[in-house]
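model34.tsv follows; it contains TSV, C-alpha atoms.
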```
chain	number	residue	atom	x	y	z
A	1	MET	CA	-84.23	-83.33	7.60
A	2	PRO	CA	-83.65	-84.05	3.90
A	3	LEU	CA	-84.62	-81.36	1.43
A	4	SER	CA	-87.18	-81.99	-1.22
A	5	GLU	CA	-86.27	-81.99	-4.91
A	6	GLU	CA	-88.19	-78.72	-5.47
A	7	THR	CA	-86.30	-76.91	-2.66
A	8	THR	CA	-82.97	-78.25	-3.89
A	9	SER	CA	-83.67	-77.05	-7.42
A	10	ARG	CA	-84.59	-73.56	-6.14
A	11	ILE	CA	-81.33	-73.29	-4.19
A	12	THR	CA	-79.34	-74.52	-7.16
A	13	TRP	CA	-81.08	-71.99	-9.44
A	14	SER	CA	-80.60	-69.09	-7.01
A	15	LYS	CA	-76.81	-69.49	-6.72
A	16	PRO	CA	-75.98	-68.41	-10.30
A	17	CYS	CA	-78.42	-65.50	-9.96
A	18	LEU	CA	-76.72	-64.37	-6.73
A	19	VAL	CA	-73.26	-64.69	-8.27
A	20	GLN	CA	-74.43	-62.79	-11.36
A	21	LYS	CA	-75.94	-60.04	-9.21
A	22	GLN	CA	-72.76	-59.69	-7.17
A	23	GLY	CA	-70.74	-59.57	-10.39
A	24	ARG	CA	-72.94	-56.78	-11.74
A	25	GLU	CA	-72.57	-54.77	-8.51
A	26	SER	CA	-68.81	-55.28	-8.58
A	27	ASN	CA	-68.63	-54.15	-12.21
A	28	PHE	CA	-70.78	-51.12	-11.43
A	29	ASP	CA	-68.55	-50.17	-8.47
A	30	ASN	CA	-65.46	-50.52	-10.64
A	31	PHE	CA	-67.10	-48.35	-13.30
A	32	LEU	CA	-67.90	-45.63	-10.74
A	33	LYS	CA	-64.37	-45.79	-9.37
A	34	ALA	CA	-62.83	-45.54	-12.83
A	35	THR	CA	-65.15	-42.64	-13.72
A	36	GLN	CA	-64.17	-40.83	-10.53
A	37	GLU	CA	-60.47	-41.31	-11.26
A	38	ASP	CA	-60.95	-40.05	-14.81
A	39	ASP	CA	-62.78	-36.97	-13.52
A	40	GLU	CA	-59.95	-36.29	-11.07
A	41	ARG	CA	-57.39	-36.60	-13.85
A	42	VAL	CA	-59.35	-34.28	-16.14
A	43	SER	CA	-59.76	-31.77	-13.31
A	44	THR	CA	-56.06	-31.95	-12.52
A	45	ARG	CA	-55.06	-31.51	-16.15
A	46	SER	CA	-57.43	-28.56	-16.64
A	47	GLN	CA	-55.94	-26.66	-13.70
A	48	PRO	CA	-53.03	-25.07	-15.65
A	49	PHE	CA	-55.45	-23.79	-18.33
A	50	GLU	CA	-57.62	-22.09	-15.71
A	51	ARG	CA	-54.64	-20.68	-13.85
A	52	THR	CA	-52.94	-19.35	-16.97
A	53	THR	CA	-56.05	-17.50	-18.17
A	54	GLY	CA	-56.58	-15.63	-14.91
A	55	ILE	CA	-52.89	-14.87	-14.42
A	56	HIS	CA	-52.53	-13.47	-17.95
A	57	ALA	CA	-55.49	-11.15	-17.33
A	58	CYS	CA	-53.99	-9.85	-14.06
A	59	ILE	CA	-50.59	-9.12	-15.59
A	60	ARG	CA	-51.99	-7.28	-18.61
A	61	MET	CA	-54.44	-5.20	-16.56
A	62	ALA	CA	-51.87	-4.03	-14.02
A	63	SER	CA	-48.55	-3.77	-15.87
A	64	GLY	CA	-49.90	-2.22	-19.09
A	65	TYR	CA	-51.72	0.67	-17.43
A	66	SER	CA	-51.16	4.37	-18.09
A	67	GLY	CA	-53.45	7.24	-17.18
A	68	SER	CA	-53.67	10.95	-16.57
A	69	THR	CA	-55.40	13.47	-14.34
A	70	SER	CA	-55.95	17.22	-14.67
A	71	PHE	CA	-57.22	20.39	-13.06
A	72	ASN	CA	-57.89	23.90	-14.35
A	73	ILE	CA	-56.23	27.05	-13.02
A	74	GLN	CA	-57.19	30.64	-13.76
A	75	CYS	CA	-54.62	33.21	-12.70
A	76	ASN	CA	-55.91	36.68	-11.72
A	77	SER	CA	-59.07	36.46	-13.87
A	78	SER	CA	-57.05	35.54	-16.94
A	79	THR	CA	-57.67	32.68	-19.34
A	80	SER	CA	-58.15	29.29	-17.68
A	81	GLN	CA	-55.40	26.72	-18.30
A	82	GLU	CA	-55.69	22.95	-18.04
A	83	ILE	CA	-52.85	21.22	-16.19
A	84	ASN	CA	-52.35	17.56	-17.14
A	85	ALA	CA	-50.32	15.03	-15.13
A	86	SER	CA	-49.64	11.60	-16.60
A	87	PHE	CA	-48.55	8.45	-14.76
A	88	SER	CA	-48.17	4.74	-15.46
A	89	TYR	CA	-47.03	1.40	-14.06
A	90	PRO	CA	-45.14	0.81	-11.72
A	91	PHE	CA	-46.73	3.91	-10.13
A	92	ARG	CA	-43.65	5.72	-8.89
A	93	LEU	CA	-45.70	8.89	-8.84
A	94	ASN	CA	-42.92	11.04	-7.42
A	95	THR	CA	-41.00	10.59	-10.69
A	96	HIS	CA	-43.84	11.95	-12.87
A	97	SER	CA	-43.70	15.71	-13.31
A	98	TYR	CA	-46.03	18.33	-14.79
A	99	LYS	CA	-45.91	22.08	-15.45
A	100	VAL	CA	-47.83	24.53	-13.28
A	101	PRO	CA	-48.07	28.31	-13.84
A	102	THR	CA	-46.72	30.47	-11.06
A	103	CYS	CA	-49.44	33.10	-11.60
A	104	ASP	CA	-46.98	35.99	-11.16
A	105	GLN	CA	-47.28	39.41	-12.80
A	106	SER	CA	-45.77	38.28	-16.10
A	107	GLY	CA	-48.19	35.38	-16.36
A	108	THR	CA	-45.83	33.31	-18.49
A	109	ALA	CA	-43.66	31.63	-15.87
A	110	PHE	CA	-44.08	27.93	-15.13
A	111	LYS	CA	-42.57	25.68	-12.53
A	112	THR	CA	-42.20	21.92	-12.40
A	113	ALA	CA	-44.26	19.97	-9.89
A	114	LYS	CA	-44.39	16.25	-9.21
A	115	LEU	CA	-47.02	13.81	-8.09
A	116	THR	CA	-46.71	12.52	-4.54
A	117	GLY	CA	-46.05	9.00	-3.38
A	118	ASP	CA	-44.27	5.83	-4.48
A	119	TYR	CA	-46.56	2.81	-4.73
A	120	SER	CA	-44.37	0.65	-6.92
A	121	SER	CA	-43.66	-2.02	-4.28
A	122	SER	CA	-47.21	-3.36	-4.08
A	123	ALA	CA	-47.76	-3.13	-7.84
A	124	GLU	CA	-44.48	-4.88	-8.70
A	125	PHE	CA	-45.10	-7.54	-6.05
A	126	PHE	CA	-48.51	-8.24	-7.58
A	127	VAL	CA	-47.10	-8.56	-11.09
A	128	ALA	CA	-44.12	-10.64	-9.87
A	129	VAL	CA	-46.45	-13.19	-8.25
A	130	GLY	CA	-48.44	-13.31	-11.49
A	131	VAL	CA	-45.32	-13.94	-13.58
A	132	LEU	CA	-44.04	-16.67	-11.26
A	133	ALA	CA	-47.47	-18.32	-11.15
A	134	PHE	CA	-47.67	-18.15	-14.95
A	135	LEU	CA	-44.29	-19.86	-15.32
A	136	TYR	CA	-45.23	-22.55	-12.80
A	137	SER	CA	-48.58	-23.16	-14.51
A	138	THR	CA	-46.84	-23.48	-17.87
A	139	ALA	CA	-44.38	-26.01	-16.42
A	140	THR	CA	-47.18	-28.08	-14.84
A	141	LEU	CA	-49.12	-27.95	-18.10
A	142	VAL	CA	-46.18	-29.50	-19.94
A	143	LEU	CA	-45.81	-32.07	-17.17
A	144	TYR	CA	-49.50	-33.05	-17.16
A	145	LEU	CA	-49.77	-33.36	-20.93
A	146	GLY	CA	-46.41	-34.85	-21.87
A	147	TYR	CA	-45.06	-36.61	-18.80
A	148	GLN	CA	-48.13	-37.84	-16.93
A	149	HIS	CA	-46.54	-41.26	-16.34
A	150	LEU	CA	-43.56	-39.70	-14.58
A	151	TYR	CA	-45.88	-37.53	-12.50
A	152	ARG	CA	-47.79	-40.57	-11.19
A	153	GLN	CA	-44.87	-42.94	-10.69
A	154	SER	CA	-44.00	-41.42	-7.33
A	155	PRO	CA	-46.28	-39.91	-4.66
A	156	ARG	CA	-43.84	-37.02	-4.34
A	157	GLY	CA	-45.09	-35.41	-7.54
A	158	PRO	CA	-48.66	-34.68	-6.37
A	159	SER	CA	-47.42	-33.82	-2.86
A	160	ILE	CA	-44.94	-31.23	-4.16
A	161	ASP	CA	-47.57	-29.86	-6.52
A	162	LEU	CA	-50.01	-29.53	-3.62
A	163	LEU	CA	-47.42	-27.71	-1.49
A	164	LEU	CA	-46.51	-25.22	-4.23
A	165	THR	CA	-50.14	-24.63	-5.11
A	166	GLY	CA	-50.90	-23.83	-1.47
A	167	ILE	CA	-47.96	-21.40	-1.38
A	168	PHE	CA	-49.18	-19.62	-4.52
A	169	MET	CA	-52.70	-19.43	-3.08
A	170	PHE	CA	-51.27	-17.62	-0.04
A	171	LEU	CA	-49.14	-15.34	-2.24
A	172	TRP	CA	-52.18	-14.40	-4.33
A	173	LEU	CA	-54.06	-13.47	-1.16
A	174	VAL	CA	-51.18	-11.33	0.16
A	175	CYS	CA	-50.30	-9.58	-3.09
A	176	SER	CA	-53.95	-8.87	-3.98
A	177	SER	CA	-54.54	-7.33	-0.55
A	178	ALA	CA	-51.37	-5.25	-0.81
A	179	TRP	CA	-52.17	-4.10	-4.33
A	180	GLY	CA	-55.74	-3.26	-3.31
A	181	LYS	CA	-54.37	-0.95	-0.59
A	182	GLY	CA	-51.78	0.49	-3.00
A	183	LEU	CA	-54.45	1.17	-5.62
A	184	THR	CA	-56.51	3.06	-3.05
A	185	ASP	CA	-53.48	5.27	-2.33
A	186	VAL	CA	-52.86	5.81	-6.06
A	187	LYS	CA	-56.46	6.95	-6.52
A	188	TRP	CA	-56.11	9.43	-3.67
A	189	ALA	CA	-52.77	10.81	-4.91
A	190	THR	CA	-54.04	11.33	-8.48
A	191	ARG	CA	-57.35	13.02	-7.65
A	192	PRO	CA	-57.67	16.55	-9.07
A	193	ASN	CA	-58.55	17.87	-5.60
A	194	THR	CA	-55.31	16.41	-4.22
A	195	LEU	CA	-53.28	18.12	-6.95
A	196	MET	CA	-54.98	21.45	-6.28
A	197	SER	CA	-54.31	21.16	-2.55
A	198	VAL	CA	-50.54	20.90	-3.10
A	199	THR	CA	-50.34	23.64	-5.76
A	200	ASP	CA	-49.18	26.97	-4.38
A	201	ALA	CA	-51.05	29.03	-6.99
A	202	CYS	CA	-54.35	27.42	-5.97
A	203	LYS	CA	-53.83	28.53	-2.37
A	204	LEU	CA	-54.06	32.23	-3.37
A	205	THR	CA	-57.53	33.74	-3.25
A	206	LEU	CA	-56.97	35.72	-6.45
A	207	ASN	CA	-56.61	32.51	-8.48
A	208	ASN	CA	-59.40	30.11	-9.30
A	209	CYS	CA	-58.76	26.35	-9.52
A	210	THR	CA	-61.35	23.77	-10.56
A	211	PRO	CA	-61.11	19.97	-10.91
A	212	GLY	CA	-60.56	18.47	-14.35
A	213	HIS	CA	-60.89	14.87	-15.48
A	214	THR	CA	-60.17	11.99	-13.14
A	215	PRO	CA	-58.10	8.96	-14.25
A	216	ILE	CA	-60.01	5.93	-15.52
A	217	MET	CA	-58.97	2.97	-13.38
A	218	GLY	CA	-61.40	0.26	-14.40
A	219	ARG	CA	-58.54	-2.00	-15.51
A	220	LEU	CA	-56.78	-1.61	-12.17
A	221	ASN	CA	-59.96	-2.40	-10.25
A	222	SER	CA	-60.40	-5.50	-12.40
A	223	SER	CA	-56.83	-6.60	-11.67
A	224	VAL	CA	-57.54	-6.60	-7.93
A	225	ILE	CA	-60.74	-8.61	-8.47
A	226	PHE	CA	-58.93	-11.11	-10.68
A	227	GLY	CA	-56.20	-11.39	-8.05
A	228	PHE	CA	-58.67	-12.53	-5.39
A	229	LEU	CA	-60.38	-14.82	-7.92
A	230	ASN	CA	-57.00	-16.42	-8.60
A	231	CYS	CA	-56.61	-16.97	-4.87
A	232	ILE	CA	-59.95	-18.81	-4.80
A	233	LEU	CA	-59.06	-20.78	-7.94
A	234	TRP	CA	-55.71	-21.96	-6.59
A	235	GLY	CA	-57.38	-22.82	-3.30
A	236	GLY	CA	-59.93	-24.98	-5.12
A	237	ASN	CA	-57.15	-26.70	-7.04
A	238	CYS	CA	-55.61	-27.70	-3.71
A	239	TRP	CA	-58.57	-30.01	-3.13
A	240	PHE	CA	-58.11	-31.85	-6.43
A	241	LEU	CA	-54.38	-32.16	-5.79
A	242	TYR	CA	-55.05	-33.40	-2.27
A	243	LYS	CA	-57.05	-36.30	-3.71
A	244	GLU	CA	-53.99	-37.24	-5.79
A	245	THR	CA	-51.70	-37.49	-2.76
A	246	PRO	CA	-51.21	-40.51	-0.43
A	247	LEU	CA	-52.88	-38.50	2.34
A	248	HIS	CA	-56.25	-39.05	0.66
A	249	LYS	CA	-55.82	-42.39	-1.12
A	250	PRO	CA	-55.18	-44.62	1.96
A	251	ALA	CA	-58.44	-43.43	3.52
A	252	ASN	CA	-60.34	-44.43	0.40
A	253	GLN	CA	-58.59	-47.78	0.30
A	254	GLN	CA	-59.49	-48.50	3.94
A	255	GLU	CA	-63.13	-47.64	3.29
A	256	GLY	CA	-63.14	-49.90	0.24
A	257	ALA	CA	-61.50	-52.72	2.18
A	258	GLY	CA	-64.08	-52.48	4.97
A	259	GLN	CA	-66.97	-53.00	2.58
A	260	PRO	CA	-68.05	-56.66	2.01
```

Can I see the file as structure tokens?
Amino acid sequence: MPLSEETTSRITWSKPCLVQKQGRESNFDNFLKATQEDDERVSTRSQPFERTTGIHACIRMASGYSGSTSFNIQCNSSTSQEINASFSYPFRLNTHSYKVPTCDQSGTAFKTAKLTGDYSSSAEFFVAVGVLAFLYSTATLVLYLGYQHLYRQSPRGPSIDLLLTGIFMFLWLVCSSAWGKGLTDVKWATRPNTLMSVTDACKLTLNNCTPGHTPIMGRLNSSVIFGFLNCILWGGNCWFLYKETPLHKPANQQEGAGQP
């Protein structure tokens, strides 16, 4: 059946509109895709800045710490004396000594006592992971900013970055857990009550021992918190790096190819 002139004109007029509509949708899809890629690149480039800030805080809080604890001892109703014991990173407490009165008849004799415990392994492991992560973040920062074209030429770059980031995420989890346990032991070993319990003069009923000041460990508590936050941060960065690898891109390409 032949078409009328009015119907033919409508079909002819609708074709450019349909082509124009499809062109607008295609341009909009390309714009969204380009925006998504730019967001991924910005997120990837901002990762070293975020990592470096948290790592620097952890290192300074843990490695630059020094504190002291004390207790008071009164020998045979004489004048009370304050006994101070200082300690610092890397928390080899058995190497830090302090003077304690013997409370004998002369009242002037002192003997050397030492803190108990060596918790340097967990503290040094925590700081070592922070230093290595800081160096790696600095290297990736230089790579992202100055050699982005070399980074994207081969799929090995994002894949290696993803692997190393996953390793550092695991190391942050392990070292933060170990340092958290080590910090708990340091707090116990440096309590005034612990020092009094190992002092021979305090075990005599004629002498009076009372607790003094406890060490301020807010910085050390913050270092443990920042350690776990770094673990979460590096874990989140794994997702952005995963989207840069061929493991994620082929899936997106197949979805795009399946759409009409």

So that I can see what lies close to range 174-186 of chain A, please list as a VMD selection string the residues with an atom at most 12 Å from it, counting all atoms listed in the file and leaving out residues fewer than 5 positions away in the same chain. chain A and resid 58 62 67 to 69 87 to 94 115 to 130 167 to 169 191 194 214 to 232

Show me, as a PyMOL selection string, the residues that have an atom within 12 Å of Ile160 in chain A when counting only C-alpha atoms, minus same-chain residues fewer than 2 positions from it. chain A and resi 140+151+154-158+162-167+238+241-242+244-246

Quick one, how far is CA of Pro211 in chain A from CA of Met196 in chain A?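 CA of Pro211 in chain A sits 7.8 Å away from CA of Met196 in chain A.
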
Would you compute the distance between CA of Asn207 in chain A and CA of Gln74 in chain A? Give it in Å to one decimal.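 That distance, rounded to one decimal, is 5.6 Å.
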
Record the distance separating CA of His96 in chain A and CA of Ser63 in chain A, expressed in Å with one decimal. 16.7 Å

From the list A:Thr79, A:Ser86, A:Leu247, A:Leu145, which residue is nearest Pro101 in chain A when using only C-alpha atoms?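 For Pro101 in chain A, the nearest of the candidates is A:Thr79.
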
Using only C-alpha atoms, which residue out of A:Ser70, A:Ala201, A:Val100, A:Leu132 lies closest to Ala85 in chain A? A:Ser70

Could you give me, as a short mmCIF file (atom, residue, chain, number, x, y, z; two decimals) with C-alpha atoms, keeping the file's coordinate frame, the residues within 8 Å of Ala113 in chain A, counting all atoms listed in the file and dropping anything in the same chain fewer than 3 positions from it?
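Everything below was put into part20.cif:
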```cif
data_model
loop_
_atom_site.label_atom_id
_atom_site.label_comp_id
_atom_site.auth_asym_id
_atom_site.auth_seq_id
_atom_site.Cartn_x
_atom_site.Cartn_y
_atom_site.Cartn_z
CA SER A 97 -43.70 15.71 -13.31
CA TYR A 98 -46.03 18.33 -14.79
CA LYS A 99 -45.91 22.08 -15.45
CA VAL A 100 -47.83 24.53 -13.28
#
```
